[in-house]
Protein chains: 2
Amino acid sequence: MSDGLQILIVDDEIQIRRFLRISLEAHGYRVYETVDGQEGILKTAQLRPDLIILDMGLPGMDGLEVLKRLREWTQTPVIILSVRDSDRDKVAALDAGADDYLTKPFSMDELLARLRTAQRHAQPQPQAATFTSGHLYVDLTRRLVMVKDAPVKLTPTEYALLRLLIQHAGKVLTHQQILRAVWGPEYVQETHYLRVYFAQLRHKIEVNPALPEIILTEPGVGYRLKTTG
Amino acid sequence: MSDGLQILIVDDEIQIRRFLRISLEAHGYRVYETVDGQEGILKTAQLRPDLIILDMGLPGMDGLEVLKRLREWTQTPVIILSVRDSDRDKVAALDAGADDYLTKPFSMDELLARLRTAQRHAQPQPQAATFTSGHLYVDLTRRLVMVKDAPVKLTPTEYALLRLLIQHAGKVLTHQQILRAVWGPEYVQETHYLRVYFAQLRHKIEVNPALPEIILTEPGVGYRLKTTG
DNA sequence: GAGAACATCAAGAAAGTATCAAGAATGATT
DNA sequence: AATCATTCTTGATACTTTCTTGATGTTCTC
């Protein structure tokens, strides 16, 4: 389904809101409602929805004005609903930054398809999550580990362990925390696993495994990943 | 104006093409025309237009098929024109990767506004239409696979698999990602398929299938396509 | 220096992977 | 409508990598 994407509906007609809510929730979206434009802007700032469905004919501040105000600070996809089918309105809305424009009455299937399209367009550029320490370089998005510019092969467990350390780089992770996170709660007693796997990891990652510079032991407590390098 | 953006029109009706050309050129676009889908794909590969206007009702390969073929290798915005106003057609086109869908007759002002919107959505990610690694050469626009300068026949599934790997070349694709993308979400358990199909692919693509140099296994995780070479 | 915690090595068990091949399903052709 | 060729699906088996376990040596703490 839609993984619980949040949608904000800005429409003054209660029938429309109810119809949209029921249909959208049935398709796995999380729905929020607002009656007027002023509140729509406020809620957008608060909730940070993934998508906005905006009615053109609102009391007070009209839809076009709301859209313009939104576009001053956010690129959240906005789909316009309107009873007016005139070119002038469509062009004005689209050029003000709307992502699509549907004329009432519209079919739910079409709206859903256009929601998916708008959502596709919203895809932001994924920033690479990387970590560096000494000779070690890890790209978490690519699952790539390099030591001295050479790729290193890690087993699934070794990689899970390293990733955990990176996610808490600099902080001490206790034996139990590590065992719980990597192997599961039922393994908290198996401290021997830590010995074995940290030895393997160091062997693959450290320049001199006997004198670790990146994966540090905190005796009696746990392990820690050294930051900066 | 439109900074001389290149637009490719794929439509078999000469009146429509002429009408579009005149209007679009008057607004500063550079216009190219094609009559059928096959040629549309070819021209897209050659010209690399900034935008494509695609008619649904084409002779031979229909618009939806053309769209799907285009989306195998390019994200160039595509605006669909159609005489059919049915939900089914709209949903199919939008979900196949169309950026917008207009029903004939349409107003030129609206089309222009939707062109501007589509253009705004265009993400500058120049995706290569061909891929090379070692003895392997793949032309995604023609669905052509060559090994050591000799064409190789792949089944639809084998090709879908290879195309997925190419689109994420260098990155590790997990078993589940692959199964979901190629076979569908309901097949994520069928890891045996991976074994069978990767063996077949390697047999057709690798010089020595037992010592793969292009399709690499990441044990316990997934597979990866080697870049460069 | 004794005891506890930590590191290392290595081998068997388990899990994951590669390959072959045959039957079922699909689609084109006559 | 039946035949044929291709592709998909499934199963059996051999092989490889990773996990788990135990034995043994080292370092640190008191």
# chains A, B, ... in the order shown; residues from 1 in each chain; ligands from 1

$ closest_atom_pairs --of "chain B" --to "chain A" --cutoff "10 Å" --atoms "only C-alpha atoms" --output "CSV"
residue,atom,partner,partner_atom,distance
B:Ser86,CA,A:Glu110,CA,9.2
B:Asp87,CA,A:Glu110,CA,5.9
B:Arg88,CA,A:Asp109,CA,8.2
B:Asp89,CA,A:Glu110,CA,9.5
B:Lys90,CA,A:Glu110,CA,6.7
B:Val91,CA,A:Ala113,CA,5.4
B:Ala92,CA,A:Ala113,CA,8.4
B:Ala93,CA,A:Ala113,CA,9.1
B:Leu94,CA,A:Ala113,CA,6.2
B:Asp95,CA,A:Ala113,CA,6.5
B:Ala96,CA,A:Thr117,CA,9.6
B:Gly97,CA,A:Thr117,CA,7.5
B:Ala98,CA,A:Thr117,CA,7.8
B:Asp99,CA,A:Thr117,CA,6.7
B:Asp100,CA,A:Arg114,CA,8.2
B:Tyr101,CA,A:Arg114,CA,9.4
B:Phe106,CA,A:Asp87,CA,9.7
B:Ser107,CA,A:Asp87,CA,7.2
B:Met108,CA,A:Asp87,CA,8.9
B:Asp109,CA,A:Asp87,CA,6.5
B:Glu110,CA,A:Asp87,CA,5.9
B:Leu111,CA,A:Val91,CA,8.9
B:Leu112,CA,A:Val91,CA,8.3
B:Ala113,CA,A:Val91,CA,5.3
B:Arg114,CA,A:Leu94,CA,6.9
B:Leu115,CA,A:Leu94,CA,9.7
B:Arg116,CA,A:Asp95,CA,7.5
B:Thr117,CA,A:Leu94,CA,6.4
B:Ala118,CA,A:Asp99,CA,8.4
B:Arg120,CA,A:Gly97,CA,8.9
B:His121,CA,A:His121,CA,6.0
B:Ala122,CA,A:His121,CA,8.0
B:Gln123,CA,A:His121,CA,8.3
B:Gln125,CA,A:Gln125,CA,9.9
B:His168,CA,A:Arg142,CA,9.8
B:Gly170,CA,A:Arg142,CA,8.0
B:Lys171,CA,A:Arg142,CA,5.2
B:Val172,CA,A:Arg142,CA,6.2
B:Leu173,CA,A:Arg142,CA,8.9
B:Glu218,CA,A:Lys153,CA,8.4
B:Pro219,CA,A:Thr155,CA,7.3
B:Gly220,CA,A:Pro156,CA,6.1
B:Val221,CA,A:Pro156,CA,6.8

$ write_last_selection --atoms "N, CA and C atoms" --output "short mmCIF file (atom, residue, chain, number, x, y, z; two decimals), in the first residue's frame"
data_model
loop_
_atom_site.label_atom_id
_atom_site.label_comp_id
_atom_site.auth_asym_id
_atom_site.auth_seq_id
_atom_site.Cartn_x
_atom_site.Cartn_y
_atom_site.Cartn_z
N SER B 86 -11.32 7.48 -20.26
CA SER B 86 -11.66 6.50 -19.22
C SER B 86 -10.61 6.46 -18.12
N ASP B 87 -11.09 6.18 -16.91
CA ASP B 87 -10.19 6.04 -15.76
C ASP B 87 -9.11 5.03 -16.03
N ARG B 88 -9.54 3.91 -16.58
CA ARG B 88 -8.61 2.81 -16.77
C ARG B 88 -7.38 3.24 -17.57
N ASP B 89 -7.64 3.97 -18.65
CA ASP B 89 -6.53 4.41 -19.49
C ASP B 89 -5.63 5.40 -18.75
N LYS B 90 -6.27 6.34 -18.05
CA LYS B 90 -5.50 7.33 -17.32
C LYS B 90 -4.62 6.67 -16.27
N VAL B 91 -5.23 5.80 -15.48
CA VAL B 91 -4.50 5.14 -14.40
C VAL B 91 -3.35 4.32 -14.97
N ALA B 92 -3.64 3.59 -16.03
CA ALA B 92 -2.59 2.76 -16.63
C ALA B 92 -1.42 3.60 -17.10
N ALA B 93 -1.72 4.71 -17.75
CA ALA B 93 -0.66 5.57 -18.28
C ALA B 93 0.14 6.22 -17.15
N LEU B 94 -0.57 6.78 -16.19
CA LEU B 94 0.12 7.46 -15.08
C LEU B 94 0.97 6.47 -14.30
N ASP B 95 0.44 5.28 -14.06
CA ASP B 95 1.20 4.30 -13.31
C ASP B 95 2.34 3.70 -14.12
N ALA B 96 2.25 3.81 -15.42
CA ALA B 96 3.35 3.33 -16.26
C ALA B 96 4.46 4.38 -16.33
N GLY B 97 4.24 5.52 -15.72
CA GLY B 97 5.31 6.51 -15.65
C GLY B 97 5.04 7.80 -16.40
N ALA B 98 3.81 7.98 -16.90
CA ALA B 98 3.47 9.24 -17.55
C ALA B 98 3.47 10.35 -16.51
N ASP B 99 3.81 11.56 -16.96
CA ASP B 99 3.84 12.68 -16.03
C ASP B 99 2.53 13.45 -16.03
N ASP B 100 1.77 13.30 -17.10
CA ASP B 100 0.45 13.95 -17.15
C ASP B 100 -0.36 13.30 -18.26
N TYR B 101 -1.66 13.55 -18.23
CA TYR B 101 -2.56 12.90 -19.17
C TYR B 101 -3.62 13.89 -19.59
N PHE B 106 -8.07 19.41 -26.17
CA PHE B 106 -7.50 20.11 -25.01
C PHE B 106 -7.20 21.55 -25.44
N SER B 107 -7.04 22.40 -24.49
CA SER B 107 -6.70 23.78 -24.82
C SER B 107 -5.20 23.93 -24.83
N MET B 108 -4.73 24.73 -25.75
CA MET B 108 -3.29 24.93 -25.85
C MET B 108 -2.72 25.58 -24.60
N ASP B 109 -3.45 26.49 -24.02
CA ASP B 109 -2.97 27.14 -22.81
C ASP B 109 -2.75 26.13 -21.69
N GLU B 110 -3.70 25.20 -21.58
CA GLU B 110 -3.54 24.19 -20.53
C GLU B 110 -2.34 23.30 -20.82
N LEU B 111 -2.21 22.89 -22.07
CA LEU B 111 -1.06 22.05 -22.42
C LEU B 111 0.24 22.76 -22.09
N LEU B 112 0.30 24.03 -22.45
CA LEU B 112 1.53 24.79 -22.18
C LEU B 112 1.81 24.85 -20.68
N ALA B 113 0.77 25.08 -19.90
CA ALA B 113 0.96 25.14 -18.44
C ALA B 113 1.43 23.79 -17.91
N ARG B 114 0.85 22.73 -18.44
CA ARG B 114 1.24 21.39 -17.96
C ARG B 114 2.64 21.02 -18.45
N LEU B 115 3.01 21.55 -19.59
CA LEU B 115 4.40 21.37 -20.04
C LEU B 115 5.35 22.02 -19.05
N ARG B 116 5.03 23.23 -18.65
CA ARG B 116 5.90 23.93 -17.70
C ARG B 116 5.98 23.17 -16.38
N THR B 117 4.83 22.62 -15.96
CA THR B 117 4.83 21.85 -14.72
C THR B 117 5.70 20.59 -14.86
N ALA B 118 5.52 19.89 -15.94
CA ALA B 118 6.29 18.66 -16.16
C ALA B 118 7.79 18.96 -16.20
N ARG B 120 9.26 21.38 -14.74
CA ARG B 120 9.68 21.68 -13.38
C ARG B 120 9.99 20.38 -12.63
N HIS B 121 9.20 19.37 -12.93
CA HIS B 121 9.39 18.09 -12.24
C HIS B 121 10.61 17.33 -12.73
N ALA B 122 11.04 17.65 -13.92
CA ALA B 122 12.14 16.89 -14.52
C ALA B 122 13.36 16.93 -13.61
N GLN B 123 13.81 15.74 -13.28
CA GLN B 123 14.99 15.65 -12.43
C GLN B 123 16.22 15.46 -13.30
N GLN B 125 18.89 13.91 -14.05
CA GLN B 125 19.72 12.74 -13.77
C GLN B 125 19.98 12.03 -15.11
N HIS B 168 21.05 -0.15 -11.22
CA HIS B 168 21.66 0.04 -9.92
C HIS B 168 23.10 -0.48 -9.93
N GLY B 170 26.73 -1.33 -9.54
CA GLY B 170 27.68 -1.01 -8.48
C GLY B 170 27.10 -1.19 -7.09
N LYS B 171 25.80 -0.98 -6.98
CA LYS B 171 25.16 -1.12 -5.68
C LYS B 171 24.74 -2.56 -5.44
N VAL B 172 24.68 -2.95 -4.19
CA VAL B 172 24.18 -4.26 -3.85
C VAL B 172 22.66 -4.21 -3.85
N LEU B 173 22.06 -5.14 -4.58
CA LEU B 173 20.61 -5.29 -4.55
C LEU B 173 20.29 -6.51 -3.70
N GLU B 218 26.84 -11.41 -3.34
CA GLU B 218 27.15 -10.93 -2.00
C GLU B 218 26.43 -11.88 -1.04
N PRO B 219 27.14 -12.90 -0.56
CA PRO B 219 26.48 -13.97 0.20
C PRO B 219 25.68 -13.43 1.38
N GLY B 220 24.48 -13.95 1.49
CA GLY B 220 23.62 -13.56 2.59
C GLY B 220 22.93 -12.24 2.38
N VAL B 221 23.25 -11.55 1.29
CA VAL B 221 22.69 -10.22 1.07
C VAL B 221 21.97 -10.14 -0.27
#

$ select_by_dssp --residues "segment 8-53 of chain B" --states "strand (DSSP E or B)" --output "VMD selection string"
chain B and resid 8 to 10 30 to 34 51 to 53

$ residues_around --residues "segment 54-71 of chain B" --least-positions-apart "6" --cutoff "8 Å" --atoms "only C-alpha atoms (C1' of nucleotides)" --output "PyMOL selection string"
chain B and resi 9-12+36-38+40-41+78-83+92-93+96-98+141

$ write_last_selection --atoms "all heavy atoms" --output "compact mmCIF listing (two decimals), in the first residue's frame"
# COMPACT_ATOMS: atom_id res chain seq x y z
N ILE B 9 7.26 15.18 -30.48
CA ILE B 9 5.85 14.83 -30.59
C ILE B 9 5.73 13.47 -31.26
O ILE B 9 6.30 13.25 -32.33
CB ILE B 9 5.09 15.87 -31.44
CG1 ILE B 9 5.18 17.25 -30.77
CG2 ILE B 9 3.64 15.46 -31.64
CD1 ILE B 9 4.69 18.38 -31.66
N VAL B 10 5.02 12.56 -30.63
CA VAL B 10 4.78 11.25 -31.23
C VAL B 10 3.27 11.12 -31.43
O VAL B 10 2.52 10.87 -30.49
CB VAL B 10 5.29 10.11 -30.32
CG1 VAL B 10 5.17 8.77 -31.03
CG2 VAL B 10 6.73 10.37 -29.91
N ASP B 11 2.84 11.34 -32.66
CA ASP B 11 1.41 11.33 -32.97
C ASP B 11 1.24 11.02 -34.45
O ASP B 11 2.00 11.50 -35.28
CB ASP B 11 0.80 12.70 -32.64
CG ASP B 11 -0.72 12.62 -32.50
OD1 ASP B 11 -1.37 11.97 -33.35
OD2 ASP B 11 -1.24 13.20 -31.53
N ASP B 12 0.25 10.19 -34.77
CA ASP B 12 0.07 9.80 -36.17
C ASP B 12 -0.82 10.77 -36.94
O ASP B 12 -0.82 10.75 -38.17
CB ASP B 12 -0.50 8.38 -36.26
CG ASP B 12 -1.84 8.26 -35.55
OD1 ASP B 12 -1.95 8.82 -34.44
OD2 ASP B 12 -2.75 7.63 -36.10
N ASP B 36 5.22 7.18 -35.53
CA ASP B 36 4.89 5.95 -34.80
C ASP B 36 5.83 5.72 -33.61
O ASP B 36 6.84 6.38 -33.45
CB ASP B 36 4.93 4.74 -35.75
CG ASP B 36 6.34 4.41 -36.18
OD1 ASP B 36 7.01 3.65 -35.46
OD2 ASP B 36 6.78 4.93 -37.24
N GLY B 37 5.42 4.75 -32.80
CA GLY B 37 6.08 4.51 -31.53
C GLY B 37 7.51 4.03 -31.66
O GLY B 37 8.41 4.51 -30.97
N GLN B 38 7.70 3.09 -32.56
CA GLN B 38 9.04 2.55 -32.80
C GLN B 38 10.03 3.68 -33.05
O GLN B 38 11.10 3.76 -32.44
CB GLN B 38 8.98 1.61 -34.02
CG GLN B 38 10.12 0.64 -34.11
CD GLN B 38 10.10 -0.38 -32.99
OE1 GLN B 38 10.86 -0.26 -32.03
NE2 GLN B 38 9.23 -1.38 -33.09
N GLY B 40 9.53 6.77 -32.37
CA GLY B 40 9.55 7.66 -31.21
C GLY B 40 10.64 7.27 -30.23
O GLY B 40 11.37 8.12 -29.71
N ILE B 41 10.77 5.98 -29.99
CA ILE B 41 11.80 5.49 -29.07
C ILE B 41 13.18 5.79 -29.63
O ILE B 41 14.08 6.29 -28.93
CB ILE B 41 11.62 3.97 -28.85
CG1 ILE B 41 10.30 3.70 -28.13
CG2 ILE B 41 12.78 3.41 -28.05
CD1 ILE B 41 9.91 2.24 -28.08
N VAL B 78 6.99 12.70 -19.90
CA VAL B 78 6.10 12.32 -20.99
C VAL B 78 4.69 12.79 -20.65
O VAL B 78 4.16 12.47 -19.59
CB VAL B 78 6.08 10.79 -21.20
CG1 VAL B 78 5.01 10.41 -22.21
CG2 VAL B 78 7.45 10.29 -21.65
N ILE B 79 4.12 13.57 -21.57
CA ILE B 79 2.73 13.98 -21.42
C ILE B 79 1.90 13.23 -22.44
O ILE B 79 2.20 13.23 -23.63
CB ILE B 79 2.58 15.50 -21.61
CG1 ILE B 79 3.26 16.22 -20.46
CG2 ILE B 79 1.11 15.89 -21.70
CD1 ILE B 79 3.15 17.73 -20.51
N ILE B 80 0.88 12.54 -21.94
CA ILE B 80 0.05 11.70 -22.80
C ILE B 80 -1.12 12.51 -23.36
O ILE B 80 -1.78 13.25 -22.63
CB ILE B 80 -0.51 10.50 -22.01
CG1 ILE B 80 0.63 9.64 -21.47
CG2 ILE B 80 -1.47 9.69 -22.85
CD1 ILE B 80 1.33 8.82 -22.51
N LEU B 81 -1.36 12.35 -24.64
CA LEU B 81 -2.58 12.87 -25.26
C LEU B 81 -3.44 11.68 -25.64
O LEU B 81 -2.93 10.66 -26.10
CB LEU B 81 -2.25 13.68 -26.52
CG LEU B 81 -1.41 14.94 -26.35
CD1 LEU B 81 -1.29 15.65 -27.69
CD2 LEU B 81 -2.02 15.86 -25.32
N SER B 82 -4.76 11.83 -25.44
CA SER B 82 -5.62 10.70 -25.77
C SER B 82 -7.03 11.18 -26.07
O SER B 82 -7.49 12.17 -25.54
CB SER B 82 -5.65 9.71 -24.61
OG SER B 82 -6.58 8.69 -24.86
N VAL B 83 -7.71 10.45 -26.93
CA VAL B 83 -9.12 10.74 -27.15
C VAL B 83 -9.97 10.05 -26.10
O VAL B 83 -11.11 10.39 -25.88
CB VAL B 83 -9.60 10.26 -28.55
CG1 VAL B 83 -9.01 11.14 -29.64
CG2 VAL B 83 -9.23 8.81 -28.78
N ALA B 92 -3.64 3.59 -16.03
CA ALA B 92 -2.59 2.76 -16.63
C ALA B 92 -1.42 3.60 -17.10
O ALA B 92 -0.26 3.27 -16.85
CB ALA B 92 -3.17 1.96 -17.80
N ALA B 93 -1.72 4.71 -17.75
CA ALA B 93 -0.66 5.57 -18.28
C ALA B 93 0.14 6.22 -17.15
O ALA B 93 1.37 6.21 -17.15
CB ALA B 93 -1.25 6.63 -19.19
N ALA B 96 2.25 3.81 -15.42
CA ALA B 96 3.35 3.33 -16.26
C ALA B 96 4.46 4.38 -16.33
O ALA B 96 5.50 4.14 -16.94
CB ALA B 96 2.86 3.00 -17.65
N GLY B 97 4.24 5.52 -15.72
CA GLY B 97 5.31 6.51 -15.65
C GLY B 97 5.04 7.80 -16.40
O GLY B 97 5.93 8.65 -16.52
N ALA B 98 3.81 7.98 -16.90
CA ALA B 98 3.47 9.24 -17.55
C ALA B 98 3.47 10.35 -16.51
O ALA B 98 3.17 10.12 -15.35
CB ALA B 98 2.12 9.16 -18.24
N THR B 141 17.91 1.08 -25.03
CA THR B 141 16.89 1.63 -25.93
C THR B 141 16.43 0.59 -26.95
O THR B 141 15.30 0.62 -27.40
CB THR B 141 17.40 2.86 -26.68
OG1 THR B 141 18.37 2.46 -27.65
CG2 THR B 141 18.03 3.85 -25.72

$ select_by_dssp --residues "segment 5-192 of chain A" --states "helix (DSSP H, G or I)" --output "number ranges by chain"
A: 14-26, 37-47, 63-71, 87-95, 108-122, 156-167, 175-182, 185-187, 191-192

$ closest_residue --among "A:Gly4, A:Pro185, A:Pro212, A:Gly134" --to "Tyr29 of chain A" --atoms "only C-alpha atoms"
A:Gly4

$ calpha_fit_rmsd --fixed "chain A" --moving "chain B"
17.3 Å

$ atom_distance --atom1 "atom CA of Ala150 of chain B" --atom2 "atom C1' of DT17 of chain C"
29.2 Å

$ atom_distance --atom1 "atom CA of His192 of chain B" --atom2 "atom C1' of DT10 of chain D"
9.4 Å

$ residues_around --residues "DA24 of chain C" --least-positions-apart "4" --cutoff "12 Å" --atoms "only C-alpha atoms (C1' of nucleotides)" --output "number ranges by chain"
D: 7-10

$ interface_residues --of "chain C" --to "chain B" --cutoff "12 Å" --atoms "only C-alpha atoms (C1' of nucleotides)" --output "mmCIF file with N, CA and C atoms (P, O5', C5', C4', C3', O3' and C1' of nucleotides), in the first residue's frame"
data_model
loop_
_atom_site.group_PDB
_atom_site.id
_atom_site.type_symbol
_atom_site.label_atom_id
_atom_site.label_comp_id
_atom_site.auth_asym_id
_atom_site.auth_seq_id
_atom_site.Cartn_x
_atom_site.Cartn_y
_atom_site.Cartn_z
ATOM 1 P P DA C 15 20.049 -23.590 10.352
ATOM 2 O "O5'" DA C 15 20.500 -22.607 9.177
ATOM 3 C "C5'" DA C 15 21.355 -21.502 9.484
ATOM 4 C "C4'" DA C 15 21.914 -20.929 8.213
ATOM 5 C "C3'" DA C 15 20.858 -20.673 7.132
ATOM 6 O "O3'" DA C 15 20.927 -19.309 6.779
ATOM 7 C "C1'" DA C 15 22.745 -21.827 6.242
ATOM 8 P P DG C 16 19.877 -18.688 5.730
ATOM 9 O "O5'" DG C 16 20.789 -18.565 4.422
ATOM 10 C "C5'" DG C 16 22.074 -17.957 4.530
ATOM 11 C "C4'" DG C 16 22.877 -18.284 3.302
ATOM 12 C "C3'" DG C 16 22.185 -17.945 1.975
ATOM 13 O "O3'" DG C 16 23.090 -17.175 1.208
ATOM 14 C "C1'" DG C 16 23.078 -20.112 1.898
ATOM 15 P P DT C 17 22.675 -16.598 -0.244
ATOM 16 O "O5'" DT C 17 23.337 -17.628 -1.258
ATOM 17 C "C5'" DT C 17 24.747 -17.673 -1.356
ATOM 18 C "C4'" DT C 17 25.157 -18.686 -2.387
ATOM 19 C "C3'" DT C 17 24.570 -18.475 -3.792
ATOM 20 O "O3'" DT C 17 25.660 -18.299 -4.682
ATOM 21 C "C1'" DT C 17 24.405 -20.741 -3.144
ATOM 22 P P DA C 18 25.423 -18.140 -6.242
ATOM 23 O "O5'" DA C 18 25.616 -19.634 -6.770
ATOM 24 C "C5'" DA C 18 26.903 -20.222 -6.682
ATOM 25 C "C4'" DA C 18 26.949 -21.511 -7.480
ATOM 26 C "C3'" DA C 18 26.484 -21.408 -8.933
ATOM 27 O "O3'" DA C 18 27.436 -22.079 -9.745
ATOM 28 C "C1'" DA C 18 25.230 -23.081 -7.793
ATOM 29 P P DT C 19 27.321 -22.022 -11.339
ATOM 30 O "O5'" DT C 19 26.558 -23.377 -11.688
ATOM 31 C "C5'" DT C 19 27.086 -24.583 -11.171
ATOM 32 C "C4'" DT C 19 26.134 -25.731 -11.434
ATOM 33 C "C3'" DT C 19 25.511 -25.735 -12.836
ATOM 34 O "O3'" DT C 19 26.012 -26.854 -13.526
ATOM 35 C "C1'" DT C 19 23.935 -26.296 -11.136
ATOM 36 P P DC C 20 25.690 -27.031 -15.065
ATOM 37 O "O5'" DC C 20 24.593 -28.190 -15.037
ATOM 38 C "C5'" DC C 20 24.838 -29.345 -14.255
ATOM 39 C "C4'" DC C 20 23.565 -30.163 -14.123
ATOM 40 C "C3'" DC C 20 22.807 -30.358 -15.431
ATOM 41 O "O3'" DC C 20 22.644 -31.749 -15.660
ATOM 42 C "C1'" DC C 20 21.350 -29.629 -13.699
ATOM 43 P P DA C 21 22.117 -32.266 -17.039
ATOM 44 O "O5'" DA C 21 20.572 -32.486 -16.735
ATOM 45 C "C5'" DA C 21 20.197 -33.150 -15.541
ATOM 46 C "C4'" DA C 21 18.702 -33.076 -15.378
ATOM 47 C "C3'" DA C 21 17.922 -33.122 -16.703
ATOM 48 O "O3'" DA C 21 16.795 -33.952 -16.537
ATOM 49 C "C1'" DA C 21 17.241 -31.296 -15.443
#

$ interface_residues --of "chain D" --to "chain A" --cutoff "12 Å" --atoms "only C-alpha atoms (C1' of nucleotides)" --output "mmCIF file with N, CA and C atoms (P, O5', C5', C4', C3', O3' and C1' of nucleotides), in the first residue's frame"
data_model
loop_
_atom_site.group_PDB
_atom_site.id
_atom_site.type_symbol
_atom_site.label_atom_id
_atom_site.label_comp_id
_atom_site.auth_asym_id
_atom_site.auth_seq_id
_atom_site.Cartn_x
_atom_site.Cartn_y
_atom_site.Cartn_z
ATOM 1 P P DT D 17 33.624 -19.644 -1.172
ATOM 2 O "O5'" DT D 17 32.719 -19.087 0.012
ATOM 3 C "C5'" DT D 17 31.507 -18.414 -0.321
ATOM 4 C "C4'" DT D 17 30.679 -18.236 0.932
ATOM 5 C "C3'" DT D 17 31.407 -17.490 2.059
ATOM 6 O "O3'" DT D 17 30.658 -16.334 2.340
ATOM 7 C "C1'" DT D 17 30.308 -19.452 2.869
ATOM 8 P P DT D 18 31.136 -15.281 3.461
ATOM 9 O "O5'" DT D 18 30.302 -15.773 4.733
ATOM 10 C "C5'" DT D 18 28.895 -15.873 4.626
ATOM 11 C "C4'" DT D 18 28.336 -16.520 5.874
ATOM 12 C "C3'" DT D 18 28.772 -15.846 7.188
ATOM 13 O "O3'" DT D 18 27.608 -15.484 7.889
ATOM 14 C "C1'" DT D 18 29.030 -18.202 7.303
ATOM 15 P P DC D 19 27.703 -14.798 9.344
ATOM 16 O "O5'" DC D 19 27.409 -16.040 10.306
ATOM 17 C "C5'" DC D 19 26.185 -16.738 10.121
ATOM 18 C "C4'" DC D 19 26.107 -17.914 11.082
ATOM 19 C "C3'" DC D 19 26.243 -17.548 12.556
ATOM 20 O "O3'" DC D 19 25.165 -18.175 13.245
ATOM 21 C "C1'" DC D 19 27.787 -19.263 11.994
ATOM 22 P P DT D 20 24.877 -17.849 14.833
ATOM 23 O "O5'" DT D 20 25.680 -19.002 15.584
ATOM 24 C "C5'" DT D 20 25.288 -20.354 15.355
ATOM 25 C "C4'" DT D 20 26.302 -21.302 15.963
ATOM 26 C "C3'" DT D 20 26.596 -21.065 17.449
ATOM 27 O "O3'" DT D 20 26.084 -22.191 18.140
ATOM 28 C "C1'" DT D 20 28.574 -21.531 16.205
ATOM 29 P P DT D 21 26.064 -22.230 19.789
ATOM 30 O "O5'" DT D 21 27.427 -22.967 20.140
ATOM 31 C "C5'" DT D 21 27.719 -24.226 19.530
ATOM 32 C "C4'" DT D 21 29.168 -24.595 19.769
ATOM 33 C "C3'" DT D 21 29.687 -24.340 21.184
ATOM 34 O "O3'" DT D 21 29.824 -25.593 21.847
ATOM 35 C "C1'" DT D 21 31.287 -23.753 19.512
ATOM 36 P P DG D 22 30.285 -25.645 23.408
ATOM 37 O "O5'" DG D 22 31.852 -25.886 23.287
ATOM 38 C "C5'" DG D 22 32.320 -26.974 22.502
ATOM 39 C "C4'" DG D 22 33.829 -26.928 22.404
ATOM 40 C "C3'" DG D 22 34.557 -26.750 23.733
ATOM 41 O "O3'" DG D 22 35.613 -27.699 23.811
ATOM 42 C "C1'" DG D 22 35.292 -25.115 22.186
ATOM 43 P P DT D 26 50.649 -16.531 24.707
ATOM 44 O "O5'" DT D 26 49.853 -15.198 25.003
ATOM 45 C "C5'" DT D 26 49.223 -14.495 23.918
ATOM 46 C "C4'" DT D 26 48.366 -13.384 24.502
ATOM 47 C "C3'" DT D 26 49.112 -12.424 25.437
ATOM 48 O "O3'" DT D 26 49.125 -11.131 24.842
ATOM 49 C "C1'" DT D 26 46.984 -13.050 26.308
ATOM 50 P P DT D 27 50.014 -9.986 25.492
ATOM 51 O "O5'" DT D 27 48.920 -9.171 26.322
ATOM 52 C "C5'" DT D 27 47.792 -8.623 25.646
ATOM 53 C "C4'" DT D 27 46.783 -8.157 26.669
ATOM 54 C "C3'" DT D 27 47.318 -7.121 27.660
ATOM 55 O "O3'" DT D 27 46.498 -5.969 27.582
ATOM 56 C "C1'" DT D 27 46.118 -8.841 28.771
ATOM 57 P P DC D 28 46.995 -4.595 28.276
ATOM 58 O "O5'" DC D 28 45.989 -4.519 29.511
ATOM 59 C "C5'" DC D 28 44.585 -4.601 29.250
ATOM 60 C "C4'" DC D 28 43.850 -4.912 30.545
ATOM 61 C "C3'" DC D 28 44.194 -3.958 31.693
ATOM 62 O "O3'" DC D 28 42.992 -3.344 32.141
ATOM 63 C "C1'" DC D 28 44.261 -6.236 32.401
ATOM 64 P P DT D 29 43.077 -2.157 33.230
ATOM 65 O "O5'" DT D 29 42.635 -2.904 34.559
ATOM 66 C "C5'" DT D 29 41.472 -3.743 34.533
ATOM 67 C "C4'" DT D 29 41.241 -4.345 35.901
ATOM 68 C "C3'" DT D 29 41.547 -3.413 37.078
ATOM 69 O "O3'" DT D 29 40.498 -3.504 38.021
ATOM 70 C "C1'" DT D 29 42.782 -5.440 37.300
#

$ residues_around --residues "Leu216 of chain A" --least-positions-apart "3" --cutoff "7 Å" --atoms "only C-alpha atoms (C1' of nucleotides)" --output "list in words"
Pro212, Glu213, Tyr223, Arg224, Leu225 and Lys226 of chain A

$ residues_around --residues "Gln176 of chain B" --least-positions-apart "3" --cutoff "6 Å" --atoms "only C-alpha atoms (C1' of nucleotides)" --output "list of chain:residue names"
B:Leu179, B:Arg180, B:Val188
